[in-house]
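Structure below is final31.tsv: TSV, C-alpha atoms.
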```
chain	number	residue	atom	x	y	z
A	16	MET	CA	0.00	0.00	0.00
A	17	SER	CA	1.30	3.46	-0.90
A	18	THR	CA	2.15	6.10	1.66
A	19	THR	CA	-0.62	8.41	0.31
A	20	THR	CA	-3.32	5.77	0.66
A	21	THR	CA	-2.18	4.87	4.17
A	22	THR	CA	-2.37	8.51	5.20
A	23	GLN	CA	-5.95	8.93	3.81
A	24	LEU	CA	-7.16	5.81	5.61
A	25	ALA	CA	-5.57	6.94	8.83
A	26	LYS	CA	-7.52	10.21	8.66
A	27	SER	CA	-10.83	8.44	7.91
A	28	PRO	CA	-12.94	6.48	10.40
A	29	ALA	CA	-12.21	2.75	10.35
A	30	GLY	CA	-14.00	0.87	7.57
A	31	SER	CA	-15.46	3.98	5.87
A	32	ALA	CA	-14.47	5.77	2.71
A	33	PRO	CA	-13.77	9.51	2.69
A	34	GLY	CA	-17.04	11.37	1.96
A	35	PRO	CA	-17.64	14.51	-0.07
A	36	ALA	CA	-16.90	17.94	1.33
A	37	PRO	CA	-19.76	19.26	3.48
A	38	VAL	CA	-22.13	21.69	1.77
A	39	ARG	CA	-22.99	24.90	3.60
A	40	ALA	CA	-26.69	25.24	4.28
A	41	ALA	CA	-28.40	28.23	2.69
A	42	GLN	CA	-29.09	31.01	5.13
A	43	PRO	CA	-32.57	32.49	5.42
A	44	GLY	CA	-33.06	35.42	3.03
A	45	GLU	CA	-29.86	34.66	1.13
A	46	GLY	CA	-30.15	35.59	-2.55
A	47	ARG	CA	-32.93	38.07	-1.98
A	48	ILE	CA	-32.48	41.68	-2.98
A	49	GLY	CA	-33.51	44.19	-0.35
A	50	LEU	CA	-35.45	47.38	-1.02
A	51	ARG	CA	-32.40	49.62	-0.56
A	52	ALA	CA	-30.31	47.56	-2.98
A	53	ASN	CA	-33.20	47.43	-5.45
A	54	LEU	CA	-33.54	51.22	-5.38
A	55	ARG	CA	-29.78	51.56	-5.86
A	56	HIS	CA	-29.92	49.28	-8.90
A	57	ILE	CA	-32.83	51.23	-10.36
A	58	GLY	CA	-30.91	54.48	-9.83
A	59	ALA	CA	-27.85	53.11	-11.62
A	60	LEU	CA	-29.93	51.88	-14.55
A	61	VAL	CA	-31.79	55.20	-14.75
A	62	ARG	CA	-28.42	56.95	-14.96
A	63	ARG	CA	-27.34	54.54	-17.70
A	64	ASN	CA	-30.50	55.22	-19.73
A	65	ALA	CA	-30.16	58.98	-19.20
A	66	LEU	CA	-26.55	58.88	-20.42
A	67	GLN	CA	-27.74	57.03	-23.51
A	68	ILE	CA	-30.10	59.92	-24.27
A	69	LYS	CA	-27.25	62.41	-23.68
A	70	GLN	CA	-25.08	60.54	-26.18
A	71	ASP	CA	-27.96	60.32	-28.67
A	72	PRO	CA	-29.88	63.63	-28.44
A	73	GLU	CA	-31.88	62.72	-31.55
A	74	SER	CA	-33.83	60.28	-29.39
A	75	MET	CA	-35.48	63.33	-27.78
A	76	PHE	CA	-36.84	64.68	-31.08
A	77	ASP	CA	-40.23	62.99	-30.60
A	78	ALA	CA	-40.66	64.40	-27.09
A	79	VAL	CA	-39.62	67.92	-28.17
A	80	LEU	CA	-41.15	68.29	-31.64
A	81	MET	CA	-44.28	66.16	-31.41
A	82	PRO	CA	-46.11	68.46	-28.93
A	83	ILE	CA	-45.40	71.53	-31.08
A	84	ILE	CA	-46.60	69.85	-34.27
A	85	PHE	CA	-49.73	68.41	-32.63
A	86	VAL	CA	-50.84	71.70	-31.08
A	87	LEU	CA	-50.35	73.72	-34.25
A	88	LEU	CA	-51.91	71.05	-36.45
A	89	PHE	CA	-55.04	70.35	-34.45
A	90	VAL	CA	-55.71	73.94	-33.35
A	91	TYR	CA	-55.48	75.44	-36.83
A	92	VAL	CA	-56.92	72.49	-38.79
A	93	PHE	CA	-59.78	71.42	-36.50
A	94	GLY	CA	-60.22	74.49	-34.31
A	95	GLY	CA	-62.27	76.51	-36.76
A	96	ALA	CA	-64.43	73.55	-37.79
A	97	ILE	CA	-65.28	72.50	-34.21
A	98	SER	CA	-65.42	75.82	-32.34
A	99	GLY	CA	-66.32	78.07	-35.27
A	100	LYS	CA	-64.18	80.29	-37.43
A	101	GLY	CA	-62.21	82.77	-35.35
A	102	ASN	CA	-62.74	80.81	-32.12
A	103	ASN	CA	-59.43	78.99	-32.11
A	104	ASP	CA	-58.68	80.29	-28.61
A	105	ALA	CA	-61.65	78.38	-27.20
A	106	TYR	CA	-60.53	75.21	-28.93
A	107	VAL	CA	-57.01	75.55	-27.44
A	108	ASN	CA	-58.50	75.19	-23.96
A	109	TYR	CA	-60.39	72.12	-25.15
A	110	VAL	CA	-57.72	70.25	-27.11
A	111	VAL	CA	-54.49	70.91	-25.19
A	112	PRO	CA	-55.62	69.08	-22.00
A	113	GLY	CA	-56.80	66.26	-24.23
A	114	LEU	CA	-53.44	66.10	-25.97
A	115	MET	CA	-51.83	65.46	-22.58
A	116	ALA	CA	-53.45	62.02	-22.75
A	117	MET	CA	-52.22	61.51	-26.30
A	118	MET	CA	-48.65	62.40	-25.31
A	119	GLY	CA	-48.61	59.58	-22.78
A	120	MET	CA	-49.55	56.96	-25.36
A	121	ASN	CA	-47.04	58.12	-27.96
A	122	ILE	CA	-44.15	58.28	-25.49
A	123	ALA	CA	-45.16	54.88	-24.08
A	124	MET	CA	-44.91	53.34	-27.54
A	125	ALA	CA	-41.20	54.22	-27.67
A	126	VAL	CA	-40.57	52.08	-24.57
A	127	GLY	CA	-41.65	48.91	-26.38
A	128	THR	CA	-39.45	49.53	-29.42
A	129	GLY	CA	-36.52	50.46	-27.14
A	130	ILE	CA	-36.82	47.24	-25.10
A	131	ASN	CA	-37.01	45.17	-28.27
A	132	ASP	CA	-33.94	46.90	-29.70
A	133	ASP	CA	-31.96	46.37	-26.48
A	134	PHE	CA	-32.62	42.62	-26.68
A	135	LYS	CA	-31.40	42.57	-30.27
A	136	LYS	CA	-28.16	44.24	-29.17
A	137	GLY	CA	-27.66	41.79	-26.29
A	138	VAL	CA	-27.86	44.50	-23.63
A	139	MET	CA	-30.71	42.78	-21.77
A	140	ASP	CA	-28.87	39.45	-21.73
A	141	ARG	CA	-26.02	41.15	-19.92
A	142	PHE	CA	-28.41	42.68	-17.37
A	143	ARG	CA	-29.97	39.28	-16.69
A	144	THR	CA	-26.56	37.84	-15.72
A	145	MET	CA	-26.14	40.47	-13.02
A	146	PRO	CA	-27.33	39.98	-9.41
A	147	ILE	CA	-30.13	42.54	-9.72
A	148	ALA	CA	-33.90	42.30	-9.60
A	149	ARG	CA	-35.33	41.69	-13.06
A	150	SER	CA	-38.05	44.28	-12.44
A	151	SER	CA	-35.42	47.00	-11.78
A	152	VAL	CA	-34.38	46.97	-15.46
A	153	LEU	CA	-37.96	47.61	-16.60
A	154	ILE	CA	-38.77	50.12	-13.84
A	155	ALA	CA	-35.67	52.15	-14.75
A	156	LYS	CA	-36.90	52.30	-18.35
A	157	ILE	CA	-40.27	53.59	-17.16
A	158	VAL	CA	-38.70	56.23	-14.88
A	159	VAL	CA	-36.65	57.68	-17.75
A	160	GLU	CA	-39.64	57.63	-20.13
A	161	VAL	CA	-41.79	59.41	-17.53
A	162	GLY	CA	-39.09	62.08	-17.50
A	163	ARG	CA	-39.36	62.36	-21.28
A	164	MET	CA	-43.13	62.55	-20.92
A	165	LEU	CA	-42.79	65.43	-18.45
A	166	ILE	CA	-40.63	67.33	-20.95
A	167	ALA	CA	-43.15	66.69	-23.75
A	168	THR	CA	-46.04	67.80	-21.53
A	169	ALA	CA	-44.20	70.99	-20.49
A	170	ILE	CA	-43.62	71.88	-24.15
A	171	LEU	CA	-47.24	71.04	-24.96
A	172	LEU	CA	-48.54	73.34	-22.23
A	173	GLY	CA	-46.05	76.04	-23.22
A	174	MET	CA	-47.39	75.98	-26.77
A	175	GLY	CA	-50.92	76.06	-25.41
A	176	PHE	CA	-50.20	79.18	-23.35
A	177	LEU	CA	-48.58	80.84	-26.37
A	178	LEU	CA	-51.76	80.22	-28.38
A	179	GLY	CA	-54.04	81.64	-25.69
A	180	MET	CA	-54.81	78.79	-23.29
A	181	GLU	CA	-55.87	79.90	-19.81
A	182	ILE	CA	-55.94	78.17	-16.45
A	183	LYS	CA	-59.48	78.77	-15.18
A	184	THR	CA	-58.99	76.92	-11.89
A	185	SER	CA	-55.60	77.03	-10.14
A	186	VAL	CA	-51.97	76.06	-10.62
A	187	LEU	CA	-52.46	73.15	-8.18
A	188	ASP	CA	-55.22	71.79	-10.40
A	189	LEU	CA	-52.88	72.06	-13.38
A	190	PHE	CA	-50.23	70.06	-11.50
A	191	ALA	CA	-52.90	67.50	-10.60
A	192	ALA	CA	-53.75	67.12	-14.30
A	193	ILE	CA	-50.07	66.65	-15.14
A	194	GLY	CA	-49.63	64.10	-12.34
A	195	LEU	CA	-52.67	62.16	-13.47
A	196	SER	CA	-51.30	62.05	-17.01
A	197	MET	CA	-47.95	60.75	-15.73
A	198	VAL	CA	-49.58	57.99	-13.68
A	199	PHE	CA	-51.71	56.80	-16.57
A	200	GLY	CA	-48.83	57.09	-19.06
A	201	ALA	CA	-46.60	54.98	-16.79
A	202	SER	CA	-49.25	52.26	-16.65
A	203	LEU	CA	-49.47	52.21	-20.46
A	204	MET	CA	-45.73	51.64	-20.67
A	205	TRP	CA	-46.17	48.18	-19.15
A	206	ILE	CA	-48.40	47.26	-22.12
A	207	PHE	CA	-45.78	48.39	-24.62
A	208	ILE	CA	-42.96	46.74	-22.68
A	209	LEU	CA	-44.91	43.48	-22.90
A	210	LEU	CA	-45.36	44.05	-26.64
A	211	GLY	CA	-41.65	44.76	-27.01
A	212	LEU	CA	-40.79	41.52	-25.23
A	213	THR	CA	-43.32	39.51	-27.27
A	214	MET	CA	-42.84	40.78	-30.82
A	215	LYS	CA	-39.82	39.70	-32.85
A	216	THR	CA	-38.84	43.09	-34.28
A	217	ALA	CA	-39.12	46.76	-33.37
A	218	GLN	CA	-41.10	47.32	-36.58
A	219	ALA	CA	-43.65	44.73	-35.47
A	220	VAL	CA	-43.95	46.47	-32.09
A	221	GLN	CA	-44.54	49.81	-33.80
A	222	GLY	CA	-47.11	48.34	-36.19
A	223	MET	CA	-49.06	46.64	-33.40
A	224	ALA	CA	-48.86	49.81	-31.29
A	225	MET	CA	-50.41	51.87	-34.09
A	226	ILE	CA	-53.29	49.38	-34.37
A	227	VAL	CA	-53.95	49.94	-30.66
A	228	LEU	CA	-53.30	53.69	-30.70
A	229	MET	CA	-55.43	54.82	-33.62
A	230	PRO	CA	-58.91	53.75	-32.41
A	231	LEU	CA	-58.16	54.76	-28.81
A	232	GLN	CA	-56.93	58.22	-29.79
A	233	PHE	CA	-59.49	59.17	-32.43
A	234	GLY	CA	-62.38	57.29	-30.80
A	235	SER	CA	-62.14	59.52	-27.74
A	236	SER	CA	-63.04	62.98	-26.51
A	237	ILE	CA	-59.49	64.27	-27.10
A	238	PHE	CA	-60.26	66.21	-30.29
A	239	ALA	CA	-64.04	66.68	-30.32
A	240	PRO	CA	-67.02	66.30	-27.97
A	241	PRO	CA	-68.47	62.77	-28.26
A	242	THR	CA	-72.03	64.16	-28.50
A	243	SER	CA	-71.47	64.72	-32.22
A	244	MET	CA	-70.57	61.04	-32.80
A	245	PRO	CA	-72.86	58.14	-33.76
A	246	GLY	CA	-74.43	56.29	-30.84
A	247	TRP	CA	-72.19	53.20	-31.04
A	248	LEU	CA	-69.02	55.32	-31.22
A	249	GLU	CA	-70.20	57.54	-28.38
A	250	THR	CA	-70.66	54.43	-26.22
A	251	PHE	CA	-67.12	53.31	-27.05
A	252	THR	CA	-65.86	56.79	-26.23
A	253	ASP	CA	-67.52	56.76	-22.82
A	254	TYR	CA	-65.57	53.64	-21.81
A	255	ASN	CA	-62.33	54.66	-23.52
A	256	PRO	CA	-59.68	55.31	-20.81
A	257	LEU	CA	-58.19	58.12	-22.92
A	258	SER	CA	-61.54	59.92	-22.82
A	259	ASN	CA	-61.59	59.67	-19.04
A	260	LEU	CA	-58.08	61.08	-18.80
A	261	ALA	CA	-58.80	63.86	-21.32
A	262	ASP	CA	-62.01	64.83	-19.49
A	263	ALA	CA	-60.25	64.77	-16.12
A	264	ALA	CA	-57.37	66.96	-17.32
A	265	ARG	CA	-59.76	69.30	-19.16
A	266	ASN	CA	-62.02	69.80	-16.13
A	267	LEU	CA	-59.07	70.23	-13.77
A	268	ILE	CA	-57.78	73.07	-15.96
A	269	ASN	CA	-61.05	74.62	-17.18
A	270	GLY	CA	-63.30	73.80	-14.23
A	271	GLY	CA	-66.05	71.23	-14.00
A	272	PRO	CA	-66.84	67.92	-12.27
A	273	VAL	CA	-63.70	65.80	-11.96
A	274	ALA	CA	-64.43	63.05	-9.43
A	275	HIS	CA	-65.83	60.44	-11.84
A	276	SER	CA	-63.24	60.91	-14.59
A	277	VAL	CA	-60.32	61.05	-12.12
A	278	TRP	CA	-61.36	57.84	-10.34
A	279	MET	CA	-62.00	56.09	-13.64
A	280	THR	CA	-58.55	57.09	-14.89
A	281	LEU	CA	-56.85	55.90	-11.70
A	282	GLY	CA	-58.86	52.67	-11.83
A	283	TRP	CA	-57.73	52.03	-15.39
A	284	ALA	CA	-54.10	52.80	-14.45
A	285	VAL	CA	-54.15	50.37	-11.51
A	286	ALA	CA	-55.88	47.63	-13.51
A	287	ILE	CA	-53.47	47.92	-16.44
A	288	THR	CA	-50.43	47.85	-14.15
A	289	VAL	CA	-51.66	44.94	-12.02
A	290	VAL	CA	-52.35	42.82	-15.11
A	291	THR	CA	-49.44	43.69	-17.42
A	292	ALA	CA	-46.52	44.42	-15.05
A	293	PRO	CA	-46.21	40.82	-13.70
A	294	LEU	CA	-46.62	39.47	-17.24
A	295	ALA	CA	-43.87	41.78	-18.53
A	296	VAL	CA	-41.45	40.82	-15.72
A	297	ALA	CA	-42.14	37.09	-16.26
A	298	LYS	CA	-41.64	37.47	-20.02
A	299	PHE	CA	-38.39	39.36	-19.40
A	300	ARG	CA	-37.05	36.48	-17.29
A	301	LYS	CA	-37.89	33.84	-19.90
A	302	LYS	CA	-37.13	35.69	-23.13
A	303	THR	CA	-34.18	34.31	-25.07
```
Take the structure I supplied and represent it as structure tokens, if you would.
Amino acid sequence: MSTTTTTQLAKSPAGSAPGPAPVRAAQPGEGRIGLRANLRHIGALVRRNALQIKQDPESMFDAVLMPIIFVLLFVYVFGGAISGKGNNDAYVNYVVPGLMAMMGMNIAMAVGTGINDDFKKGVMDRFRTMPIARSSVLIAKIVVEVGRMLIATAILLGMGFLLGMEIKTSVLDLFAAIGLSMVFGASLMWIFILLGLTMKTAQAVQGMAMIVLMPLQFGSSIFAPPTSMPGWLETFTDYNPLSNLADAARNLINGGPVAHSVWMTLGWAVAITVVTAPLAVAKFRKKT
């Protein structure tokens, strides 16, 4: 018998073979990411996304130019037909709060195409190898897009004021309208994130988004009062979440009953988030 074998047997109990190295038992809570760490990860990813925008300023063109184009286009094309020739000022107070709802949907669409593009580049695969919560990647995207939405809304309101829009309630009510638009817009982003994770290409995401956007935007009270619509379309408009948001923002700025439209908008936002956010996170984990 060799010296090495004799030594191993001497260190082992008589008649037993040396067993495998002991495995350390997992400690309770090990592998979980705490709230503070999660917030730190979200902050780092928000900074990363913001730096991307800084390096590619052209990605802000939609948030900067779209509000200007929309206000000028709808006020001077539809204003005279809806409010009467020479009454464009009255239409500004009607359409600009409605366009706040439209801004949210258009900015939200960019989230889906951005997520899809990041997967194509392999960026998301790298994130999924890191010890961070999967939801933090998606939440960081939403935080940055809400920032872009705030910029677009500020430009939209600035154009409205230049064209004669007035606040007939108070500045606090205006801020409430902006906040409501941000909450609803953030909930819509989960839908487009899910689309971005499901569709194969960014073009497919954009095409599907337009199919969703067109009937919701034009079958609403954003551009014209629904009383002038056919009965079936007016019924659709009444249940359209964009109509509720447009009516809430309009009444908060111009005065009028807000309770029903505000609660309906918040209800839609909560329902959309509760349904689509878990689906988006689960899809993000499994997507290859």
Which residues are near segment 226-229 of chain A? Cut-off 12 Å, only C-alpha atoms, ignore same chain within fewer than 3 positions. Put them as a PDB file with C-alpha atoms, in the frame of the given file.
```
ATOM      1  CA  ALA A 116     -53.450  62.020 -22.750  1.00  0.00           C
ATOM      2  CA  MET A 117     -52.220  61.510 -26.300  1.00  0.00           C
ATOM      3  CA  MET A 118     -48.650  62.400 -25.310  1.00  0.00           C
ATOM      4  CA  GLY A 119     -48.610  59.580 -22.780  1.00  0.00           C
ATOM      5  CA  MET A 120     -49.550  56.960 -25.360  1.00  0.00           C
ATOM      6  CA  ASN A 121     -47.040  58.120 -27.960  1.00  0.00           C
ATOM      7  CA  ILE A 122     -44.150  58.280 -25.490  1.00  0.00           C
ATOM      8  CA  ALA A 123     -45.160  54.880 -24.080  1.00  0.00           C
ATOM      9  CA  MET A 124     -44.910  53.340 -27.540  1.00  0.00           C
ATOM     10  CA  LEU A 203     -49.470  52.210 -20.460  1.00  0.00           C
ATOM     11  CA  ILE A 206     -48.400  47.260 -22.120  1.00  0.00           C
ATOM     12  CA  PHE A 207     -45.780  48.390 -24.620  1.00  0.00           C
ATOM     13  CA  LEU A 210     -45.360  44.050 -26.640  1.00  0.00           C
ATOM     14  CA  ALA A 219     -43.650  44.730 -35.470  1.00  0.00           C
ATOM     15  CA  VAL A 220     -43.950  46.470 -32.090  1.00  0.00           C
ATOM     16  CA  GLN A 221     -44.540  49.810 -33.800  1.00  0.00           C
ATOM     17  CA  GLY A 222     -47.110  48.340 -36.190  1.00  0.00           C
ATOM     18  CA  MET A 223     -49.060  46.640 -33.400  1.00  0.00           C
ATOM     19  CA  GLN A 232     -56.930  58.220 -29.790  1.00  0.00           C
ATOM     20  CA  PHE A 233     -59.490  59.170 -32.430  1.00  0.00           C
ATOM     21  CA  GLY A 234     -62.380  57.290 -30.800  1.00  0.00           C
ATOM     22  CA  SER A 235     -62.140  59.520 -27.740  1.00  0.00           C
ATOM     23  CA  ASN A 255     -62.330  54.660 -23.520  1.00  0.00           C
ATOM     24  CA  PRO A 256     -59.680  55.310 -20.810  1.00  0.00           C
ATOM     25  CA  LEU A 257     -58.190  58.120 -22.920  1.00  0.00           C
TER      26      LEU A 257
END
```
> Can you tell me how far atom CA of Trp205 of chain A sits from atom CA of Thr250 of chain A, in Å to one decimal?
Replying inline: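 Interatomic distance here is 26.2 Å.
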Please build the interface table for segment 70-159 of chain A against segment 287-299 of chain A with a cut-off of 12 Å, listing for each qualifying residue the nearest atom pair and the distance in Å to one decimal; count only C-alpha atoms, order rows by chain and increasing number, and write it as a Markdown table.
```
| residue | atom | partner | partner_atom | distance |
| --- | --- | --- | --- | --- |
| A:Gly127 | CA | A:Ala295 | CA | 10.8 |
| A:Ile130 | CA | A:Phe299 | CA | 9.9 |
| A:Asn131 | CA | A:Phe299 | CA | 10.7 |
| A:Asp133 | CA | A:Phe299 | CA | 11.9 |
| A:Phe134 | CA | A:Phe299 | CA | 9.8 |
| A:Met139 | CA | A:Phe299 | CA | 8.7 |
| A:Asp140 | CA | A:Phe299 | CA | 9.8 |
| A:Phe142 | CA | A:Phe299 | CA | 10.7 |
| A:Arg143 | CA | A:Phe299 | CA | 8.8 |
| A:Ala148 | CA | A:Val296 | CA | 9.8 |
| A:Arg149 | CA | A:Val296 | CA | 6.7 |
| A:Ser150 | CA | A:Val296 | CA | 5.9 |
| A:Ser151 | CA | A:Val296 | CA | 9.5 |
| A:Val152 | CA | A:Val296 | CA | 9.4 |
| A:Leu153 | CA | A:Val296 | CA | 7.7 |
| A:Ile154 | CA | A:Ala292 | CA | 9.7 |
| A:Ile157 | CA | A:Ala292 | CA | 11.3 |
```
>> Just want the 12 Å neighbourhood of Arg62 of chain A, counted on all atoms listed in the file, with same-chain residues fewer than 4 positions away dropped. Output as a VMD selection string.
In response: chain A and resid 55 to 58 66 to 69 152 155 to 156 158 to 159
Selected residues written out with C-alpha atoms, as a short mmCIF file (atom, residue, chain, number, x, y, z; two decimals), in the coordinates of the input:
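Output file result.cif is given in full below:
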```cif
data_model
loop_
_atom_site.label_atom_id
_atom_site.label_comp_id
_atom_site.auth_asym_id
_atom_site.auth_seq_id
_atom_site.Cartn_x
_atom_site.Cartn_y
_atom_site.Cartn_z
CA ARG A 55 -29.78 51.56 -5.86
CA HIS A 56 -29.92 49.28 -8.90
CA ILE A 57 -32.83 51.23 -10.36
CA GLY A 58 -30.91 54.48 -9.83
CA LEU A 66 -26.55 58.88 -20.42
CA GLN A 67 -27.74 57.03 -23.51
CA ILE A 68 -30.10 59.92 -24.27
CA LYS A 69 -27.25 62.41 -23.68
CA VAL A 152 -34.38 46.97 -15.46
CA ALA A 155 -35.67 52.15 -14.75
CA LYS A 156 -36.90 52.30 -18.35
CA VAL A 158 -38.70 56.23 -14.88
CA VAL A 159 -36.65 57.68 -17.75
#
```
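Pairwise distance (atom CA of Met180 of chain A, atom CA of Val107 of chain A) equals 5.7 Å.
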